[in-house]
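> My structure file start.tsv, TSV, C-alpha atoms and all ligand atoms, is below:
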chain	number	residue	atom	x	y	z
A	1	MET	CA	0.00	0.00	0.00
A	2	PRO	CA	1.37	3.48	-0.80
A	3	VAL	CA	2.87	5.28	2.17
A	4	VAL	CA	2.06	8.94	2.77
A	5	SER	CA	5.29	10.93	3.12
A	6	SER	CA	5.85	12.57	6.48
A	7	VAL	CA	7.59	15.56	4.86
A	8	PRO	CA	5.52	17.08	2.06
A	9	ALA	CA	7.19	19.09	-0.68
A	10	ASN	CA	6.03	22.39	0.79
A	11	SER	CA	7.65	21.81	4.21
A	12	THR	CA	11.26	22.47	5.11
A	13	LEU	CA	13.72	19.59	5.03
A	14	ALA	CA	16.84	19.49	7.20
A	15	ILE	CA	20.07	17.50	6.99
A	16	THR	CA	22.74	17.20	9.65
A	17	GLY	CA	26.54	16.97	9.39
A	18	ARG	CA	28.77	14.73	11.53
A	19	THR	CA	29.25	17.37	14.24
A	20	GLY	CA	25.58	18.31	14.41
A	21	ARG	CA	25.70	21.18	11.92
A	22	VAL	CA	22.20	21.51	10.46
A	23	LEU	CA	21.34	22.71	6.96
A	24	THR	CA	17.70	23.52	6.26
A	25	PHE	CA	16.16	23.53	2.79
A	26	PRO	CA	13.02	25.64	2.27
A	27	ASN	CA	11.34	22.56	0.79
A	28	GLY	CA	12.22	19.06	-0.38
A	29	VAL	CA	12.11	19.60	-4.14
A	30	PHE	CA	15.62	19.71	-5.63
A	31	LEU	CA	17.02	20.77	-8.99
A	32	ALA	CA	19.14	17.81	-10.16
A	33	PRO	CA	22.79	18.19	-11.11
A	34	MET	CA	23.13	18.06	-14.90
A	35	GLU	CA	26.53	18.42	-16.48
A	36	GLY	CA	26.50	21.04	-19.22
A	37	VAL	CA	23.10	22.33	-18.07
A	38	THR	CA	22.90	23.37	-14.41
A	39	ASP	CA	25.73	25.88	-14.32
A	40	PRO	CA	25.30	28.92	-12.04
A	41	VAL	CA	23.58	30.91	-14.82
A	42	PHE	CA	20.82	28.35	-15.44
A	43	ARG	CA	20.48	27.49	-11.74
A	44	ASP	CA	20.05	31.11	-10.66
A	45	LEU	CA	17.37	31.78	-13.29
A	46	VAL	CA	15.42	28.65	-12.31
A	47	ILE	CA	15.74	29.35	-8.58
A	48	ALA	CA	14.45	32.89	-9.15
A	49	LEU	CA	11.16	31.44	-10.47
A	50	GLY	CA	10.49	29.96	-7.02
A	51	GLY	CA	9.79	26.57	-5.51
A	52	VAL	CA	13.33	25.12	-5.63
A	53	GLY	CA	14.33	23.73	-2.23
A	54	GLY	CA	17.97	23.04	-3.11
A	55	ALA	CA	20.28	22.41	-6.04
A	56	ILE	CA	23.56	20.66	-6.76
A	57	THR	CA	26.42	21.69	-9.04
A	58	GLU	CA	27.36	19.68	-12.10
A	59	PHE	CA	29.74	16.89	-11.06
A	60	ILE	CA	33.36	17.86	-10.44
A	61	ARG	CA	35.56	14.89	-11.18
A	62	ILE	CA	38.54	14.31	-8.91
A	63	SER	CA	41.25	12.13	-10.43
A	64	VAL	CA	44.98	12.77	-9.97
A	65	SER	CA	44.91	15.76	-7.62
A	66	ALA	CA	42.61	17.69	-5.29
A	67	MET	CA	40.27	20.29	-6.76
A	68	SER	CA	41.29	23.89	-6.21
A	69	ALA	CA	38.97	26.41	-4.57
A	70	LYS	CA	39.07	28.39	-7.82
A	71	VAL	CA	37.65	25.52	-9.86
A	72	VAL	CA	34.99	24.71	-7.26
A	73	LYS	CA	33.94	28.37	-7.16
A	74	ARG	CA	33.43	28.35	-10.92
A	75	TYR	CA	30.93	25.49	-10.53
A	76	LEU	CA	29.29	26.84	-7.38
A	77	GLY	CA	28.94	30.52	-8.22
A	78	PRO	CA	28.33	33.04	-5.45
A	79	PRO	CA	27.03	31.37	-2.26
A	80	ARG	CA	23.32	31.94	-1.66
A	81	ASP	CA	21.45	31.68	1.63
A	82	ASP	CA	17.90	31.24	0.35
A	83	THR	CA	18.35	28.04	-1.65
A	84	PRO	CA	21.39	25.94	-0.67
A	85	VAL	CA	23.49	24.68	-3.58
A	86	GLY	CA	25.66	21.65	-2.80
A	87	VAL	CA	28.96	20.86	-4.51
A	88	GLN	CA	29.03	17.45	-6.18
A	89	PHE	CA	32.29	15.51	-6.37
A	90	MET	CA	32.92	12.27	-8.20
A	91	ALA	CA	35.97	10.15	-7.34
A	92	ALA	CA	37.07	6.53	-7.69
A	93	ASP	CA	38.67	6.61	-4.24
A	94	GLU	CA	39.00	8.86	-1.23
A	95	GLN	CA	42.59	10.02	-1.80
A	96	HIS	CA	42.00	13.64	-2.85
A	97	LEU	CA	38.51	14.01	-1.45
A	98	PRO	CA	39.24	15.68	1.94
A	99	ALA	CA	41.39	18.41	0.34
A	100	SER	CA	38.75	18.98	-2.36
A	101	ILE	CA	36.02	19.23	0.28
A	102	ALA	CA	38.14	21.72	2.23
A	103	ALA	CA	38.42	23.80	-0.95
A	104	ALA	CA	34.63	23.66	-1.40
A	105	GLU	CA	34.15	24.75	2.20
A	106	ARG	CA	36.46	27.74	1.67
A	107	VAL	CA	34.31	29.02	-1.20
A	108	GLY	CA	31.09	28.69	0.79
A	109	ALA	CA	29.66	25.27	-0.13
A	110	PRO	CA	26.84	24.52	2.35
A	111	TRP	CA	26.99	20.77	1.75
A	112	ILE	CA	28.80	18.14	-0.30
A	113	ASP	CA	27.19	15.57	-2.60
A	114	LEU	CA	28.98	12.47	-3.90
A	115	ASN	CA	28.18	11.06	-7.35
A	116	PHE	CA	27.70	7.29	-7.59
A	117	GLY	CA	25.37	7.34	-10.57
A	118	CYS	CA	27.25	8.62	-13.61
A	119	PRO	CA	26.82	5.94	-16.32
A	120	VAL	CA	29.17	7.19	-19.05
A	121	PRO	CA	31.83	4.63	-20.10
A	122	VAL	CA	34.79	6.99	-19.63
A	123	VAL	CA	33.79	7.35	-15.94
A	124	PHE	CA	32.56	3.77	-15.44
A	125	ASN	CA	35.77	2.28	-16.85
A	126	LYS	CA	37.82	4.33	-14.38
A	127	CYS	CA	35.82	2.74	-11.52
A	128	ALA	CA	34.05	6.00	-10.63
A	129	GLY	CA	30.40	7.09	-10.67
A	130	SER	CA	28.01	4.16	-11.15
A	131	ALA	CA	30.89	1.62	-11.23
A	132	LEU	CA	30.95	1.90	-7.43
A	133	LEU	CA	27.40	0.49	-7.26
A	134	GLY	CA	29.13	-2.85	-7.83
A	135	LYS	CA	31.51	-2.21	-4.92
A	136	PRO	CA	29.39	-1.05	-1.96
A	137	GLU	CA	32.35	-1.42	0.40
A	138	VAL	CA	34.46	1.04	-1.63
A	139	LEU	CA	31.47	3.36	-2.01
A	140	ALA	CA	31.00	3.33	1.78
A	141	ARG	CA	34.72	3.96	2.34
A	142	ILE	CA	34.52	7.07	0.11
A	143	VAL	CA	31.41	8.36	1.91
A	144	ARG	CA	33.00	7.74	5.32
A	145	ALA	CA	36.22	9.54	4.35
A	146	ALA	CA	34.22	12.53	3.14
A	147	VAL	CA	32.06	12.62	6.28
A	148	GLN	CA	35.06	12.34	8.60
A	149	SER	CA	36.89	15.18	6.85
A	150	THR	CA	34.28	17.92	7.32
A	151	SER	CA	31.54	19.30	9.51
A	152	LEU	CA	29.44	19.95	6.39
A	153	PRO	CA	26.63	17.49	5.72
A	154	VAL	CA	27.63	14.94	3.04
A	155	SER	CA	24.99	13.36	0.79
A	156	ALA	CA	25.21	10.66	-1.87
A	157	LYS	CA	23.42	10.23	-5.20
A	158	ILE	CA	23.09	6.73	-6.62
A	159	ARG	CA	21.39	4.80	-9.38
A	160	VAL	CA	19.64	1.61	-8.23
A	161	GLY	CA	22.31	-0.72	-9.62
A	162	ILE	CA	24.48	-1.55	-12.61
A	163	ASP	CA	22.53	-4.26	-14.50
A	164	ALA	CA	20.01	-5.19	-11.79
A	165	PRO	CA	18.83	-3.62	-8.52
A	166	THR	CA	19.98	-6.65	-6.52
A	167	ARG	CA	22.40	-4.73	-4.26
A	168	LEU	CA	20.17	-1.70	-3.70
A	169	ARG	CA	19.35	-2.52	-0.07
A	170	GLU	CA	23.01	-3.22	0.69
A	171	ILE	CA	24.03	0.13	-0.86
A	172	VAL	CA	21.37	2.10	1.05
A	173	ALA	CA	22.48	0.51	4.32
A	174	ALA	CA	26.15	1.17	3.51
A	175	VAL	CA	25.52	4.85	2.75
A	176	VAL	CA	23.62	5.38	6.01
A	177	GLU	CA	26.17	3.40	8.02
A	178	ALA	CA	29.01	5.49	6.53
A	179	GLY	CA	27.44	8.65	7.96
A	180	ALA	CA	25.77	10.29	4.95
A	181	ALA	CA	23.27	13.02	5.79
A	182	MET	CA	20.93	12.39	2.83
A	183	LEU	CA	20.58	9.95	-0.06
A	184	THR	CA	19.18	10.60	-3.52
A	185	VAL	CA	18.15	7.55	-5.54
A	186	HIS	CA	17.77	7.83	-9.32
A	187	ALA	CA	15.25	5.12	-10.18
A	188	ARG	CA	17.14	3.73	-13.17
A	189	LEU	CA	19.90	1.17	-13.60
A	190	ARG	CA	23.26	2.14	-15.04
A	191	CYS	CA	22.41	0.11	-18.16
A	192	GLN	CA	19.16	2.03	-18.73
A	193	PRO	CA	19.32	5.16	-20.89
A	194	TYR	CA	17.58	8.35	-19.78
A	195	THR	CA	14.77	7.55	-22.22
A	196	HIS	CA	13.96	4.36	-20.28
A	197	PRO	CA	11.02	4.82	-17.88
A	198	ALA	CA	12.04	5.24	-14.24
A	199	THR	CA	10.86	2.47	-11.89
A	200	TRP	CA	9.54	4.15	-8.76
A	201	GLU	CA	8.95	0.76	-7.08
A	202	TRP	CA	12.73	0.69	-6.56
A	203	LEU	CA	12.45	3.98	-4.66
A	204	ALA	CA	9.93	2.34	-2.33
A	205	ILE	CA	12.41	-0.51	-1.75
A	206	ALA	CA	15.19	1.98	-0.96
A	207	ARG	CA	12.84	3.82	1.41
A	208	GLU	CA	11.92	0.55	3.11
A	209	GLU	CA	15.62	-0.20	3.66
A	210	ARG	CA	16.25	3.35	4.89
A	211	ASP	CA	13.46	2.84	7.44
A	212	ARG	CA	15.24	-0.27	8.78
A	213	GLN	CA	18.36	1.72	9.68
A	214	THR	CA	18.87	3.01	13.21
A	215	ARG	CA	19.91	6.44	11.92
A	216	ARG	CA	17.18	8.08	9.82
A	217	ILE	CA	18.27	10.27	6.92
A	218	PRO	CA	16.11	11.97	4.27
A	219	LEU	CA	15.64	9.96	1.08
A	220	ILE	CA	15.14	11.87	-2.16
A	221	GLY	CA	13.49	10.17	-5.13
A	222	ASN	CA	14.62	11.02	-8.65
A	223	GLY	CA	13.79	9.96	-12.18
A	224	GLY	CA	10.87	10.52	-14.50
A	225	VAL	CA	9.28	13.48	-12.71
A	226	ASP	CA	7.81	15.22	-15.76
A	227	GLU	CA	4.86	17.22	-14.46
A	228	PRO	CA	4.21	19.24	-11.27
A	229	SER	CA	1.63	16.62	-10.25
A	230	ASP	CA	4.36	13.94	-10.36
A	231	VAL	CA	5.95	15.52	-7.25
A	232	PRO	CA	3.16	14.63	-4.77
A	233	ARG	CA	2.59	11.37	-6.66
A	234	LEU	CA	6.21	10.26	-6.19
A	235	LEU	CA	6.09	11.18	-2.49
A	236	ARG	CA	2.80	9.32	-2.06
A	237	GLU	CA	3.77	6.20	-3.99
A	238	THR	CA	7.29	5.77	-2.60
A	239	GLY	CA	7.33	7.36	0.86
A	240	CYS	CA	10.41	9.41	-0.09
A	241	ASP	CA	11.00	12.66	1.82
A	242	GLY	CA	11.80	14.76	-1.22
A	243	VAL	CA	12.00	14.79	-4.99
A	244	MET	CA	14.77	15.69	-7.42
A	245	ILE	CA	13.91	16.97	-10.89
A	246	GLY	CA	16.28	16.82	-13.85
A	247	ARG	CA	15.29	17.23	-17.48
A	248	ALA	CA	11.79	18.49	-16.74
A	249	ALA	CA	13.46	21.63	-15.33
A	250	LEU	CA	14.77	22.33	-18.83
A	251	ALA	CA	11.39	21.54	-20.35
A	252	ASP	CA	9.57	23.81	-17.90
A	253	PRO	CA	11.69	25.75	-15.39
A	254	TRP	CA	8.44	26.68	-13.57
A	255	ILE	CA	7.85	23.03	-12.58
A	256	PHE	CA	9.12	23.76	-9.04
A	257	ALA	CA	6.91	26.82	-8.58
A	258	GLN	CA	3.92	24.92	-9.98
A	259	ALA	CA	4.57	21.98	-7.64
A	260	ALA	CA	4.33	24.56	-4.82
A	261	GLY	CA	0.98	25.82	-6.11
A	262	ALA	CA	1.85	28.58	-8.61
A	263	SER	CA	0.10	28.72	-11.95
A	264	ALA	CA	1.71	27.71	-15.22
A	265	PRO	CA	3.68	30.37	-17.13
A	266	THR	CA	2.18	32.17	-20.09
A	267	LEU	CA	3.68	31.87	-23.55
A	268	ALA	CA	5.16	35.38	-23.18
A	269	GLN	CA	6.77	34.50	-19.83
A	270	ALA	CA	8.25	31.33	-21.31
A	271	ALA	CA	9.69	33.24	-24.27
A	272	ASP	CA	11.05	35.93	-21.96
A	273	PHE	CA	12.83	33.28	-19.85
A	274	ALA	CA	14.58	31.94	-22.96
A	275	LEU	CA	15.73	35.46	-23.90
A	276	ARG	CA	16.98	36.21	-20.39
A	277	TYR	CA	18.83	32.90	-20.39
A	278	ALA	CA	20.45	33.68	-23.75
A	279	ALA	CA	21.53	37.12	-22.53
A	280	ALA	CA	22.94	35.80	-19.25
A	281	VAL	CA	24.90	33.07	-21.05
A	282	GLU	CA	26.19	35.56	-23.62
A	283	ALA	CA	27.60	37.74	-20.84
A	284	VAL	CA	29.67	34.78	-19.63
A	285	ARG	CA	30.37	32.69	-22.75
A	286	GLY	CA	29.84	35.01	-25.72
A	287	ARG	CA	27.53	34.61	-28.72
A	288	ARG	CA	28.55	31.06	-29.66
A	289	GLY	CA	28.02	29.84	-26.11
A	290	SER	CA	24.69	31.63	-25.98
A	291	LEU	CA	23.45	30.02	-29.21
A	292	ALA	CA	24.53	26.55	-28.03
A	293	LYS	CA	22.78	26.90	-24.66
A	294	LEU	CA	19.66	28.41	-26.20
A	295	LYS	CA	19.43	25.42	-28.55
A	296	GLN	CA	19.92	23.04	-25.63
A	297	LEU	CA	16.89	24.71	-24.02
A	298	VAL	CA	14.91	24.58	-27.29
A	299	ARG	CA	15.52	20.82	-27.54
A	300	TYR	CA	13.55	20.23	-24.30
A	301	TYR	CA	11.46	23.40	-23.88
A	302	ARG	CA	7.67	23.21	-23.55
A	303	ALA	CA	6.94	25.92	-20.94
A	304	GLY	CA	3.88	28.04	-21.76
A	305	GLY	CA	2.97	25.56	-24.50
A	306	ILE	CA	5.64	27.29	-26.58
A	307	PHE	CA	6.07	24.50	-29.13
A	308	ALA	CA	2.55	23.08	-28.88
A	309	ASP	CA	1.54	22.32	-32.47
A	310	ALA	CA	4.85	23.86	-33.58
A	311	GLU	CA	7.33	20.99	-33.54
A	312	ASP	CA	8.43	22.00	-37.03
A	313	GLN	CA	9.49	25.38	-35.63
A	314	ARG	CA	11.47	23.67	-32.89
A	315	THR	CA	13.27	21.70	-35.61
A	316	GLN	CA	13.95	24.88	-37.59
A	317	LEU	CA	15.37	26.67	-34.56
A	318	LEU	CA	17.64	23.71	-33.82
A	319	ARG	CA	19.01	23.96	-37.38
A	320	CYS	CA	19.47	27.74	-37.24
A	321	ALA	CA	23.06	29.03	-36.90
A	322	ASP	CA	22.09	32.66	-36.27
A	323	LEU	CA	21.68	33.70	-32.63
A	324	ASP	CA	19.77	36.85	-33.61
A	325	ALA	CA	17.26	34.85	-35.65
A	326	VAL	CA	16.60	32.46	-32.75
A	327	ARG	CA	16.23	35.44	-30.42
A	328	ALA	CA	13.84	37.14	-32.84
A	329	TRP	CA	11.61	34.04	-32.78
A	330	PHE	CA	11.36	34.25	-28.98
A	331	THR	CA	11.01	38.04	-28.99
A	332	ALA	CA	7.97	37.74	-31.27
A	333	ARG	CA	6.38	35.45	-28.69
A	334	THR	CA	7.01	37.88	-25.82
A	335	GLN	CA	5.13	40.52	-27.80
A	336	GLY	CA	2.18	38.34	-28.69
A	337	MET	CA	3.14	38.46	-32.39
A	338	ALA	CA	3.30	34.69	-32.79
B	401	LIG	C1	22.54	16.12	-19.52
B	401	LIG	C2	22.58	15.45	-18.18
B	401	LIG	C3	23.66	15.64	-17.34
B	401	LIG	C4	23.69	15.02	-16.08
B	401	LIG	N1	24.74	15.29	-15.23
B	401	LIG	C5	24.73	14.78	-13.96
B	401	LIG	C6	25.73	15.15	-13.01
B	401	LIG	O1	26.63	15.96	-13.27
B	401	LIG	N2	25.65	14.58	-11.77
B	401	LIG	C7	24.65	13.70	-11.42
B	401	LIG	O2	24.63	13.21	-10.29
B	401	LIG	N3	23.69	13.37	-12.30
B	401	LIG	C8	23.69	13.90	-13.54
B	401	LIG	N4	22.67	13.61	-14.40
B	401	LIG	C9	21.53	12.79	-13.92
B	401	LIG	C10	20.43	13.69	-13.35
B	401	LIG	O3	20.87	14.35	-12.18
B	401	LIG	C11	19.18	12.87	-13.01
B	401	LIG	O4	19.55	11.88	-12.08
B	401	LIG	C12	18.57	12.20	-14.25
B	401	LIG	O5	18.45	13.12	-15.31
B	401	LIG	C13	17.20	11.59	-13.92
B	401	LIG	O6	16.28	12.59	-13.56
B	401	LIG	P1	15.14	13.08	-14.61
B	401	LIG	O7	14.45	11.83	-15.10
B	401	LIG	O8	14.28	13.98	-13.79
B	401	LIG	O9	15.85	13.79	-15.72
B	401	LIG	C14	22.63	14.18	-15.67
B	401	LIG	C15	21.55	13.99	-16.53
B	401	LIG	C16	21.50	14.60	-17.77
B	401	LIG	C17	20.30	14.38	-18.66
Spell out the structure here as structure tokens.

Amino acid sequence: MPVVSSVPANSTLAITGRTGRVLTFPNGVFLAPMEGVTDPVFRDLVIALGGVGGAITEFIRISVSAMSAKVVKRYLGPPRDDTPVGVQFMAADEQHLPASIAAAERVGAPWIDLNFGCPVPVVFNKCAGSALLGKPEVLARIVRAAVQSTSLPVSAKIRVGIDAPTRLREIVAAVVEAGAAMLTVHARLRCQPYTHPATWEWLAIAREERDRQTRRIPLIGNGGVDEPSDVPRLLRETGCDGVMIGRAALADPWIFAQAAGASAPTLAQAADFALRYAAAVEAVRGRRGSLAKLKQLVRYYRAGGIFADAEDQRTQLLRCADLDAVRAWFTARTQGMA
């Protein structure tokens, strides 16, 4: 029978570090880390629309040396008090993790997240990311080393397994036992592409295992949240304490605000968001960067019904090499000229 979550998405959610340091999120709905997408520019624009409880940087991969504070700051952006943004590290072992975490702390990171879900072969073959789902003891050692090195809360983000979810319970128990402050579970296997439907039943299994642990930490469910109504549905069907949203934030950056009760954006608001995004990216990455990011948005975008019955126009914009022409298309929609 579905379990009703004790922490609804419109209540605060708190996590605690090893020394008792508490970090409170305004709600339990998180913007997922997405490499190449959720840089500080995109994150800040989405957070400004409301409803985001917390966010996580794109993964920062640690390999042969510790990350410098300068690099971490580039991913994190200016610290913000209203919506905590965690720094995500990915490493195959614990060697350079404490120094990297210290660097993150120096530039104002409020918490640290560890990536155990990345499926890409270049990461997997170096025994990092989702490869560690096959080695729960190494995964736990990495979490423990991170927790012991800092007073900041340390969370982990996992997929449910490599080829099968057979070790999911073992991994959940290992993460809690190692001292993590929160766990996010992406309800797909490493072998399943992002197009594969997420299996929320696996989130319920992870939640059941979390409930068996003596130390209770928040469990965040992720995968396949496409609509605002999916947020309460995931909480209801799985018993998770929070929800993390990935690609649907690109499709409709208002999904967080709508999950908190706001109305859907108008076509003009959706077009205006795209233009503001293009301008903000241009200020940091120039015209080429702006065109590339605007097209990345166009690929997913559906806010305000902007491409409803206009898929051909989406295709045309994706083929267009002229930033001004793409902007003009959106400008026309802000002015009701569409
Ligand atoms: C383009 C892209 C980049 C991603 N980069 C990261 C990352 O840096 N760190 C991470 O933990 N997960 C990453 N993910 C996984 C997402 O955080 C999330 O788990 C996944 O998209 C499932 O959620 P969704 O179905 O809501 O999109 C990425 C996903 C996508 C599509």
> I'd like to know which of A:Asp230, A:Glu94, A:Glu170, A:Asp324 is closest to ligand LIG 401 (chain B), using all atoms listed in the file.
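Using all atoms listed in the file, ligand LIG 401 (chain B) sits closest to A:Asp230.
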> Within 12 Å of Gln192 in chain A, counting all atoms listed in the file, which residues qualify if same-chain residues fewer than 4 places away don't, as an MDAnalysis selection string?
chainID A and resid 117:120 130 159:165 186:188 196:199 223
> Determine the nearest neighbour of ligand LIG 401 (chain B) from the options A:Thr16, A:Thr184, A:Thr150, A:Asn125, counting all atoms listed in the file.
A:Thr184
> Grab the CA of Val281 in chain A to CA of Asp81 in chain A distance for me, in Å with one decimal place.
23.0 Å
> Closest to ligand LIG 401 (chain B) among A:Leu297, A:Val22, A:Ile306, A:Cys240, using all atoms listed in the file?
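So, comparing all the options, the nearest one is A:Leu297.
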